[in-house]
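Engineer: Below: one structure in structure tokens.
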Amino acid sequence: MIPVQFDYVAPATLDEAARLLAEHQDEAKLLAGGHSLIPAMKLRLAQPSLLIDIGRIKDLAYITEEGDQIRIGAMTTHYQIEASERLKEICPLLPECAASIGDVQVRNKGTIGGSLAHADPAADWPAAILALDAEMIAVGAQGERTIRAQDFFVDMLTTSLEPNEILREIRVPQPQKNTAQAYMKVAQPASGFAVVGIAVNLTRGDDGRCQSANIGITGVAAKAYRASNVESALAGNALDEQTIAAAAAHAADGVDANSDLYASADYRRHLAEVYTRRAIQKAIAKL
Amino acid sequence: MSKFVGQRVKRTEDPRLIKGLGHYVDDIRLPDTLHVAFLRSMYAHARITNIDVSEAMNTPGVVAVYTGRDLGEKIGPVPCAAALPDLKVPDHRPLASDKVYFVGHPIAAVVATDRYAARDAVDLIMVDYEELAVVVDPEEAAKGGAVVHEKFGDNVAYKLTAGEGDIDAALASADKVIKQRILNQRLAPIAMEPRGVLARYLPGEEELTVWSSTQIPHLLRTQLALMIGIPENKLRVITPEVGGGFGSKLNVYGEEALLGWISMQLGKPVKWIETRRENMASTIHGRGQVGYIEVGCRNDGTITGLRYNVFADLGAYHQLLTPAIPTLTGLMLSGCYKIPAIQINVTGVFTNKMATDAYRGAGRPEATYVVERAADLVAAELGLDPVEVRRRNFPKPDEFPFKTATGLFYDSGNYEAALDKALQNADYARLREEQKRARDEGRIIGIGVSTYVEICALGPSQAMPAGGWESATVRIEPTGKVTILTGASPHGQGQETSFAQIAADELGVDIGDVTVIHGDTSIVQYGIGTFGSRATAVGGTAVYIAIERLKEKANKIAAHLLQADISKVVWDENGFNLEPEPAKVAAGAGVPEADLPAGQAPGASLPEPQIEGKKSLSLQDIALAAHLAKDLPPDMEPGLSATYFFEPKNFTFPFGTHIAIVEIDRETGEIKFQRYVAVDDCGKVINPMLVDGQVQGGIVQAIGQALYEEVVYDEQGQLVTGTLMDYAVPKAAMLPWFELDRTETPTDVNPMGVKGVGEAGTIGATPAIVNAVVDALSPYGIRHIDMPIKPENVWKIVNQQS
């Protein structure tokens with residue numbers, strides 16, 4: 001449980017961090033909260049020769065509102081999101097998801113940006129970020145660019161960030177009124193990671209029908225995904241028990257489900273269906 | 001007098017531990033210490049055709065690299081203390097030389113100036129392996145096929161049959177015979193502090209000191225002296241704080257001897273702190289039994305016979321007690337029932353895995369699980385309430401000492417009282433009604449009952465491989481402070497508190513005036529250690545009797561100084577008083593001296609004893625007089641201390657009833673506790689808070705076995721559950737509230753009437769939880785389900801049939 005030797009730098013600015021990253025390419029790793037990277041290094045699964053600690057860069061941890069967007073700095077800890085009274089009011093999916101991550105120590109150190117950039121297939125944030133249709137702001141040598149959540153997760157532990165890009169901010173559209181949100185997960189009893197994790201973000205029209213539904217699912221496949229067949233089965237329909245159950249049955253449509261010691265692929269798909277239904281019901285119960 | 005005994009006295013150990021001021025092995029820093037890292041096998045079974053350490057040797061900071069071939073037979077084999085007839089014992093050296101037998105098998109030790117250099121160099125050792133056929137499953141291992149140790153021809157290390165009564169006749173004449181295959185899966189003990197060793201050889205003094213995180217410092221010293229070949233009186237074992245053991249540190253490991261030997265080679269201190277991955281792979285595992293039970297009963301629920309044919313998964317090597325664990329299972333197969341015929345047939349088999357050995361309960365949880373599952377199987381077969389089956393088979397309180405068909409004499413018990421109290425606390429009758437109602441509503445609720453008995457206070461020396469007594473020295477220092485030296489070196493149990501409670505009451509001093517010293521073989525007289533729920537019942541009794549001895553001497557001194565006949569001296573909390581003066585009058589004279597704070601007036605000389613005209617003397621007066629020795633009875637030796645080695649005449653047999661109430665999620669198979677009720681009887685209680693803590697911790701580990709934990713090796717013998725990301729230890733948030741209660745049935749095995757409680761929770765709780773889940777699933781025709789009970793397996797049962 002001792003990593004291989006590595007160098008450590010703690011740049012003061014994002015530009016400096018981006019420059020170092022461009023210089024060292026694959027040899028370097030960004031250190032955020034360290035709760036995924038450090039264990040991987042201790043097991044020698046990750047062996048970067050340089051750690052660029054972005055934890056000393058000022059102003060990367062914040063939750064603000066700009067126009068119709070919530071903006072979250074990449075270095076904002078899970079706990080800061082969990083504890084945000086404002087978020088509980090305007091976008092409860094975020095604190096609910098944060099509260100389900102790991103344990104208190106993990107939430108105090110781990111960051112939303114670190115988790116998203118690491119793209120663990122069983123991490124909680126990707127489900128919520130997909131359901132919220134968030135945007136990722138990446139900084140690189142060529143400047144800034146915006147990546148939609150749907151385009152961000154490429155494969156297991158792989159995102160569309162370029163090797164020299166740094167995730168700087170997450171932008172979440174302000175939920176409209178009559179939006180119902182919830183996050184539910186089945187935690188793997190050893191790791192606490194999601195066997196399945198379901199994020200629901202839907203709006204109900206004045207007619208009582210579902211206006212739009214975004215469902216993000218993590219833990220089931222190699223990467224988190226939007227359950228589009230569930231979404232389309234809900235959109236425009238009454239949010240009654242039958243409709244919800246029928247829609248949730250599509251939670252794992254076309255998905256190559258993971259299998260491990262805790263849950264087979266079949267069971268995982270089944271859990272995805274059951275918890276999709278429950279998460280939708282939990283969300284609309286808040287309306 | 002009981003000012004402290006029976007009270008919830010807070011652990012005196014805790015302030016230093018909570019503040020991070022305790023000293024574990026890794027906290028002990030010696031100048032010039034070298035650090036050791038191990039290369040361990042990545043294969044479960046392979047021949048080592050070549051090892052090249054040259055590149056590792058040339059790494060900056062590396063001082064030495066040792067391989068099994070370098071070592072040869074310079075260090076004696078890792079000992080196995082189990083004396084079983086015809087036991088096959090493989091030659092087990094600290095490092096593998098020609099073959100590796102399990103993943104994690106140590107191959108080479110790198111010694112370097114820091115931990116990092118040592119670890120880096122491990123990756124530079126080149127090993128050529130020739131892979132060999134692997135055997136993982138114990139039943140397969142017994143059948144033939146791949147052989148772990150070539151020289152034995154097969155994998156059967158021993159066979160053992162035990163038990164009394166005509167089991168064949170009992171089963172043949174039973175109204176019903178129920179058969180069931182059951183698993184006690186392999187578990188990892190997971191002490192929070194992994195193992196750790198620091199060894200320092202002083203070439204001038206020719207003395208070796210080994211600091212080790214162990215449960216048995218003295219036994220370890222003897223064994224290490226034999227392994228390393230150093231005189232035992234030149235070897236000192238120090239056990240500082242130990243962060244849990246659960247049996248995994250009731251052992252002698254190759255690394256402990258090797259570190260001592262390396263320090264002697266290099267003349268410098270060497271340290272090794274086990275990593276968590278090493279701990280998962282190379283510290284002993286527990287359980288690992290695949291068994292077949294046959295239980296015979298009459299139609300009224302009377303159990304007439306029990307047979308248990310079991311394959312014990314020993315792993316590749318014997319550690320200290322590996323083959324002996326199933327013998328404890330055999331001893332406890334009667335549970336708390338009158339079963340006239342019992343037979344256990346053990347087949348101990350080698351597999352390409354880490355050794356199994358003692359893990360909290362050590363053979364008894366396996367037995368209790370067998371008996372308690374059997375009782376429920378009988379109930380299900382006959383359509384009886386599981387409680388009624390248990391009640392029908394209990395021995396009555398007046399039948400104690402009760403002889404079992406496994407050859408034990410249960411000291412005392414009132415099983416029905418504990419059962420009734422638990423039923424009352426749980427409101428069992430109402431629970432059953434609620435269960436019925438819930439079933440009608442489509443909910444799946446299960447109620448599981450386990451009535452257990454366990455064997456504690458290990459034990460009489462006749463039944464133990466290396467002595468079953470325990471030692472204590474109680475010393476009153478000249479200033480009146482009390483020092484206790486105990487051989488029962490704790491690893492988290494709280495003996496510093498509980499033994500001080502006993503001493504404070506027996507000596508009439510404040511608990512703060514008592515210091516309990518343990519875990520240093522150069523300071524403490526020989527002792528056995530802490531395991532088998534023995535510390536209080538055996539070690540605490542040694543303290544108690546040593547104090548009685550010491551008071552006899554103090555009484556004589558008091559009589560002498562008070563110029564009275566010894567029959568006139570009465571001891572109470574104020575000291576030694578002359579009759580008929582009431583204690584209160586005398587107290588004023590005696591107390592001020594006793595209150596002398598420690599360390600007062602540095603450099604001050606001892607006060608002169610003020611005896612004249614007194615009718616009462618404090619303990620401190622006596623201690624001072626005993627040490628100044630100016631006026632002692634003729635022929636009395638000076639000083640005031642007593643040492644006692646207590647040999648128990650029997651084990652003790654605590655018991656209790658655990659009731660688990662679970663609800664199963666019909667759609668997902670997930671299991672949730674609704675309530676958990678336990679009534680434990682561990683005899684007289686010294687500290688209820690410590691007892692509660694032991695019971696709670698035990699139940700948690702039982703929940704782990706019942707629902708979450710399993711050491712998994714794949715078919716190639718790779719350890720699948722090699723980290724805590726894969727091996728599920730229950731966390732606080734996964735636990736129910738424990739509703740604990742007690743009955744108190746003393747034992748006559750020791751004068752305090754204490755029995756022991758360290759393993760009760762793990763023993764009593766596991767079957768209660770499994771019985772609850774099986775009870776919940778009984779409408780689906782389920783009579784048994786193997787551990788750990790995973791939601792997916794439950795879901796399959798519910799899903800297939802609804």
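Just remember, in the structure tokens the first chain shown is A, the second B, etc., residues are 1-based per chain, and ligands are 1-based in the order shown.
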Using only C-alpha atoms and a distance of at most 6 Å, pull out the residues of chain B that contact chain A, as a ChimeraX atom specification.

Structural biologist: /B:275,725-728

Engineer: Please list as a ChimeraX atom specification every residue within 7 Å of Lys179 (chain B), counting only C-alpha atoms and excluding residues in the same chain fewer than 3 positions away.

Structural biologist: /B:293-295

Engineer: Could you name the residues that touch Ser228 (chain A) at 12 Å or less, counting only C-alpha atoms, but leaving out those on the same chain fewer than 3 positions away, as a list in words?

Structural biologist: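 Once the nearby chain positions are removed, what remains is Leu130, Ala131, Gln150, Ser212, Ala213, Asn214, Ile215, Gly216, Ile217, Tyr225, Glu231, Ser232, Ala233, Leu234, Ala235, Ala247, Ala248, Ala249, His250, Ala251, Ala252, Asp253, Gly254 and Val255 of chain A.
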
Engineer: Any chance you can output those residues with N, CA and C atoms as a PDB file, in the first residue's frame?

Structural biologist:
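File produced: out-v4.pdb:
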ATOM      1  N   LEU A 130     -26.003  13.807 -15.416  1.00  0.00           N
ATOM      2  CA  LEU A 130     -26.724  13.473 -16.652  1.00  0.00           C
ATOM      3  C   LEU A 130     -28.187  13.876 -16.544  1.00  0.00           C
ATOM      4  N   ALA A 131     -28.794  13.563 -15.411  1.00  0.00           N
ATOM      5  CA  ALA A 131     -30.214  13.878 -15.247  1.00  0.00           C
ATOM      6  C   ALA A 131     -30.450  15.387 -15.259  1.00  0.00           C
ATOM      7  N   GLN A 150     -23.965  14.672 -21.486  1.00  0.00           N
ATOM      8  CA  GLN A 150     -24.186  13.486 -22.317  1.00  0.00           C
ATOM      9  C   GLN A 150     -22.958  13.104 -23.130  1.00  0.00           C
ATOM     10  N   SER A 212     -41.338  16.889 -19.043  1.00  0.00           N
ATOM     11  CA  SER A 212     -40.054  16.348 -19.483  1.00  0.00           C
ATOM     12  C   SER A 212     -39.508  15.473 -18.371  1.00  0.00           C
ATOM     13  N   ALA A 213     -38.736  14.474 -18.757  1.00  0.00           N
ATOM     14  CA  ALA A 213     -38.155  13.582 -17.746  1.00  0.00           C
ATOM     15  C   ALA A 213     -36.724  13.267 -18.126  1.00  0.00           C
ATOM     16  N   ASN A 214     -35.822  13.498 -17.175  1.00  0.00           N
ATOM     17  CA  ASN A 214     -34.429  13.110 -17.373  1.00  0.00           C
ATOM     18  C   ASN A 214     -34.072  12.074 -16.302  1.00  0.00           C
ATOM     19  N   ILE A 215     -33.617  10.934 -16.740  1.00  0.00           N
ATOM     20  CA  ILE A 215     -33.253   9.874 -15.805  1.00  0.00           C
ATOM     21  C   ILE A 215     -31.790   9.501 -16.047  1.00  0.00           C
ATOM     22  N   GLY A 216     -30.952   9.679 -15.036  1.00  0.00           N
ATOM     23  CA  GLY A 216     -29.549   9.275 -15.145  1.00  0.00           C
ATOM     24  C   GLY A 216     -29.325   8.033 -14.300  1.00  0.00           C
ATOM     25  N   ILE A 217     -28.602   7.086 -14.856  1.00  0.00           N
ATOM     26  CA  ILE A 217     -28.397   5.810 -14.149  1.00  0.00           C
ATOM     27  C   ILE A 217     -26.900   5.477 -14.088  1.00  0.00           C
ATOM     28  N   TYR A 225     -25.474   6.469 -17.799  1.00  0.00           N
ATOM     29  CA  TYR A 225     -26.216   6.766 -19.026  1.00  0.00           C
ATOM     30  C   TYR A 225     -27.562   7.404 -18.716  1.00  0.00           C
ATOM     31  N   GLU A 231     -37.438   7.867 -20.244  1.00  0.00           N
ATOM     32  CA  GLU A 231     -37.789   9.282 -20.403  1.00  0.00           C
ATOM     33  C   GLU A 231     -38.918   9.460 -21.412  1.00  0.00           C
ATOM     34  N   SER A 232     -38.784   8.780 -22.545  1.00  0.00           N
ATOM     35  CA  SER A 232     -39.815   8.988 -23.575  1.00  0.00           C
ATOM     36  C   SER A 232     -41.144   8.347 -23.178  1.00  0.00           C
ATOM     37  N   ALA A 233     -41.058   7.278 -22.380  1.00  0.00           N
ATOM     38  CA  ALA A 233     -42.298   6.649 -21.923  1.00  0.00           C
ATOM     39  C   ALA A 233     -43.040   7.518 -20.912  1.00  0.00           C
ATOM     40  N   LEU A 234     -42.311   8.420 -20.280  1.00  0.00           N
ATOM     41  CA  LEU A 234     -42.943   9.303 -19.296  1.00  0.00           C
ATOM     42  C   LEU A 234     -43.461  10.584 -19.935  1.00  0.00           C
ATOM     43  N   ALA A 235     -42.663  11.110 -20.857  1.00  0.00           N
ATOM     44  CA  ALA A 235     -42.953  12.455 -21.388  1.00  0.00           C
ATOM     45  C   ALA A 235     -44.338  12.507 -22.021  1.00  0.00           C
ATOM     46  N   ALA A 247     -42.827   2.620 -17.568  1.00  0.00           N
ATOM     47  CA  ALA A 247     -41.654   3.364 -18.045  1.00  0.00           C
ATOM     48  C   ALA A 247     -40.381   2.809 -17.418  1.00  0.00           C
ATOM     49  N   ALA A 248     -40.436   2.564 -16.114  1.00  0.00           N
ATOM     50  CA  ALA A 248     -39.242   2.114 -15.380  1.00  0.00           C
ATOM     51  C   ALA A 248     -38.739   0.775 -15.896  1.00  0.00           C
ATOM     52  N   ALA A 249     -39.640  -0.007 -16.468  1.00  0.00           N
ATOM     53  CA  ALA A 249     -39.241  -1.315 -16.995  1.00  0.00           C
ATOM     54  C   ALA A 249     -38.191  -1.183 -18.099  1.00  0.00           C
ATOM     55  N   HIS A 250     -38.038   0.038 -18.616  1.00  0.00           N
ATOM     56  CA  HIS A 250     -37.049   0.253 -19.681  1.00  0.00           C
ATOM     57  C   HIS A 250     -35.709   0.764 -19.158  1.00  0.00           C
ATOM     58  N   ALA A 251     -35.528   0.723 -17.842  1.00  0.00           N
ATOM     59  CA  ALA A 251     -34.350   1.368 -17.232  1.00  0.00           C
ATOM     60  C   ALA A 251     -33.035   0.830 -17.781  1.00  0.00           C
ATOM     61  N   ALA A 252     -33.008  -0.446 -18.127  1.00  0.00           N
ATOM     62  CA  ALA A 252     -31.737  -1.022 -18.583  1.00  0.00           C
ATOM     63  C   ALA A 252     -31.818  -1.470 -20.036  1.00  0.00           C
ATOM     64  N   ASP A 253     -32.713  -0.837 -20.779  1.00  0.00           N
ATOM     65  CA  ASP A 253     -32.858  -1.209 -22.195  1.00  0.00           C
ATOM     66  C   ASP A 253     -31.527  -1.064 -22.932  1.00  0.00           C
ATOM     67  N   GLY A 254     -31.167  -2.097 -23.629  1.00  0.00           N
ATOM     68  CA  GLY A 254     -29.986  -2.024 -24.491  1.00  0.00           C
ATOM     69  C   GLY A 254     -28.672  -1.865 -23.750  1.00  0.00           C
ATOM     70  N   VAL A 255     -28.704  -2.151 -22.466  1.00  0.00           N
ATOM     71  CA  VAL A 255     -27.495  -1.922 -21.659  1.00  0.00           C
ATOM     72  C   VAL A 255     -26.758  -3.237 -21.434  1.00  0.00           C
TER      73      VAL A 255
END

Engineer: Can you list, as a list in words, every protein, DNA or RNA residue that comes within 10 Å of Asp206 (chain A) when you count only C-alpha atoms, leaving out same-chain residues fewer than 4 positions away?

Structural biologist: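 That gives Asn178, Cys210 and Gln211 of chain A.
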
Engineer: Could you pull out the helix (DSSP H, G or I) residues of region 430-628 of chain B from DSSP and send them as a PyMOL selection string?

Structural biologist: chain B and resi 430-440+461-463+495-507+511-513+535-561+566-568+583-594+619-628

Engineer: Which residues, written as a list in words, have at least one atom at most 7 Å from Asp175 (chain B), with only C-alpha atoms counted and residues fewer than 3 positions away on the same chain left out?

Structural biologist: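 So the residues in contact are Cys297, Arg298 and Asn299 of chain B.
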
Engineer: Give the answer as one residue: which of B:Ile545, B:Val127, B:Val89, B:Val695 has the shortest atom-to-atom distance to Gln319 (chain B), using only C-alpha atoms?

Structural biologist: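 Among B:Ile545, B:Val127, B:Val89, B:Val695, it is B:Val89 that comes nearest to Gln319 (chain B).
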
Engineer: Here is a test: counting only C-alpha atoms, which residue of A:Ala122, A:Ile90, A:Leu14, A:Ala32 is nearest to Asp155 (chain A)?

Structural biologist: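 Of A:Ala122, A:Ile90, A:Leu14, A:Ala32, the one nearest Asp155 (chain A), counting only C-alpha atoms, is A:Ala122.
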
Engineer: Identify, on the basis of only C-alpha atoms, every residue whose closest approach to Ala238 (chain A) does not exceed 9 Å; exclude the query and any residue fewer than 4 positions from it along the same chain; express the result as a list in words.

Structural biologist: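 The filter keeps Arg204, Asp207, Gly208, Arg209, Cys210, Leu234, Thr243 and Ile244 of chain A.
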
Engineer: Those selected residues, please, written with all heavy atoms and delivered as an mmCIF file, in the first residue's frame.

Structural biologist:
data_model
loop_
_atom_site.group_PDB
_atom_site.id
_atom_site.type_symbol
_atom_site.label_atom_id
_atom_site.label_comp_id
_atom_site.auth_asym_id
_atom_site.auth_seq_id
_atom_site.Cartn_x
_atom_site.Cartn_y
_atom_site.Cartn_z
ATOM 1 N N ARG A 204 -43.512 18.501 -14.117
ATOM 2 C CA ARG A 204 -44.915 18.181 -14.321
ATOM 3 C C ARG A 204 -45.631 19.440 -14.803
ATOM 4 O O ARG A 204 -45.457 20.519 -14.226
ATOM 5 C CB ARG A 204 -45.535 17.685 -13.012
ATOM 6 C CG ARG A 204 -46.937 17.124 -13.194
ATOM 7 C CD ARG A 204 -47.417 16.439 -11.955
ATOM 8 N NE ARG A 204 -47.569 17.389 -10.850
ATOM 9 C CZ ARG A 204 -47.974 17.031 -9.628
ATOM 10 N NH1 ARG A 204 -48.223 15.753 -9.364
ATOM 11 N NH2 ARG A 204 -48.099 17.925 -8.678
ATOM 12 N N ASP A 207 -51.221 20.510 -16.429
ATOM 13 C CA ASP A 207 -52.243 19.492 -16.684
ATOM 14 C C ASP A 207 -51.976 18.199 -15.913
ATOM 15 O O ASP A 207 -52.707 17.220 -16.063
ATOM 16 C CB ASP A 207 -52.299 19.186 -18.186
ATOM 17 C CG ASP A 207 -50.953 18.714 -18.727
ATOM 18 O OD1 ASP A 207 -49.971 18.676 -17.946
ATOM 19 O OD2 ASP A 207 -50.881 18.392 -19.930
ATOM 20 N N GLY A 208 -50.915 18.184 -15.111
ATOM 21 C CA GLY A 208 -50.619 17.003 -14.309
ATOM 22 C C GLY A 208 -49.802 15.978 -15.062
ATOM 23 O O GLY A 208 -49.363 14.987 -14.495
ATOM 24 N N ARG A 209 -49.588 16.230 -16.339
ATOM 25 C CA ARG A 209 -48.795 15.275 -17.116
ATOM 26 C C ARG A 209 -47.309 15.610 -17.040
ATOM 27 O O ARG A 209 -46.926 16.734 -16.740
ATOM 28 C CB ARG A 209 -49.238 15.298 -18.589
ATOM 29 C CG ARG A 209 -50.606 14.689 -18.784
ATOM 30 C CD ARG A 209 -51.092 14.873 -20.214
ATOM 31 N NE ARG A 209 -52.421 14.289 -20.352
ATOM 32 C CZ ARG A 209 -52.639 13.002 -20.627
ATOM 33 N NH1 ARG A 209 -51.614 12.195 -20.825
ATOM 34 N NH2 ARG A 209 -53.867 12.530 -20.711
ATOM 35 N N CYS A 210 -46.519 14.617 -17.349
ATOM 36 C CA CYS A 210 -45.077 14.806 -17.327
ATOM 37 C C CYS A 210 -44.659 15.627 -18.538
ATOM 38 O O CYS A 210 -44.938 15.253 -19.678
ATOM 39 C CB CYS A 210 -44.389 13.437 -17.366
ATOM 40 S SG CYS A 210 -42.598 13.557 -17.445
ATOM 41 N N LEU A 234 -42.311 8.420 -20.280
ATOM 42 C CA LEU A 234 -42.943 9.303 -19.296
ATOM 43 C C LEU A 234 -43.461 10.584 -19.935
ATOM 44 O O LEU A 234 -44.548 11.066 -19.598
ATOM 45 C CB LEU A 234 -41.938 9.665 -18.191
ATOM 46 C CG LEU A 234 -41.539 8.567 -17.222
ATOM 47 C CD1 LEU A 234 -40.415 9.072 -16.316
ATOM 48 C CD2 LEU A 234 -42.735 8.113 -16.382
ATOM 49 N N THR A 243 -48.158 4.064 -15.383
ATOM 50 C CA THR A 243 -47.258 4.664 -16.377
ATOM 51 C C THR A 243 -45.820 4.616 -15.881
ATOM 52 O O THR A 243 -44.900 4.285 -16.627
ATOM 53 C CB THR A 243 -47.665 6.141 -16.636
ATOM 54 O OG1 THR A 243 -49.063 6.178 -16.886
ATOM 55 C CG2 THR A 243 -46.885 6.714 -17.794
ATOM 56 N N ILE A 244 -45.666 4.969 -14.613
ATOM 57 C CA ILE A 244 -44.318 5.001 -14.048
ATOM 58 C C ILE A 244 -43.697 3.602 -14.069
ATOM 59 O O ILE A 244 -42.554 3.412 -14.490
ATOM 60 C CB ILE A 244 -44.352 5.560 -12.608
ATOM 61 C CG1 ILE A 244 -44.734 7.046 -12.644
ATOM 62 C CG2 ILE A 244 -43.004 5.373 -11.922
ATOM 63 C CD1 ILE A 244 -45.083 7.625 -11.293
#

Engineer: I'd like the neighbourhood of region 452-459 of chain B as a ChimeraX atom specification, where a residue qualifies if any of its atoms comes within 7 Å (using only C-alpha atoms), though same-chain residues fewer than 4 positions away should be ignored.

Structural biologist: /B:335-336,364,368,463-464,468-469,532-534,537-538,648,650-657,755-756,760,764

Engineer: Please extract the residues of region 62-180 of chain B with a backbone DSSP assignment of strand (DSSP E or B) and present them as a ChimeraX atom specification.

Structural biologist: /B:62-67,99-100,106-112,126-131,156-162,176-180

Engineer: In Å, how far is it from CA of Asp86 (chain B) to CA of Ser248 (chain B)?

Structural biologist: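 Between CA of Asp86 (chain B) and CA of Ser248 (chain B) the gap works out to 25.8 Å.
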
Engineer: Restricting the calculation to only C-alpha atoms, which member of B:Phe4, B:Phe531, B:Phe646, B:Tyr129 is positioned closest to Leu507 (chain B)?

Structural biologist: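 Ranking B:Phe4, B:Phe531, B:Phe646, B:Tyr129 by distance to Leu507 (chain B), first place goes to B:Phe4.
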
Engineer: Of the candidates A:Gly33, A:Asp59, A:Glu65, A:Ala18, which one gets nearest to Gln105 (chain A) if we count only C-alpha atoms?

Structural biologist: A:Gly33
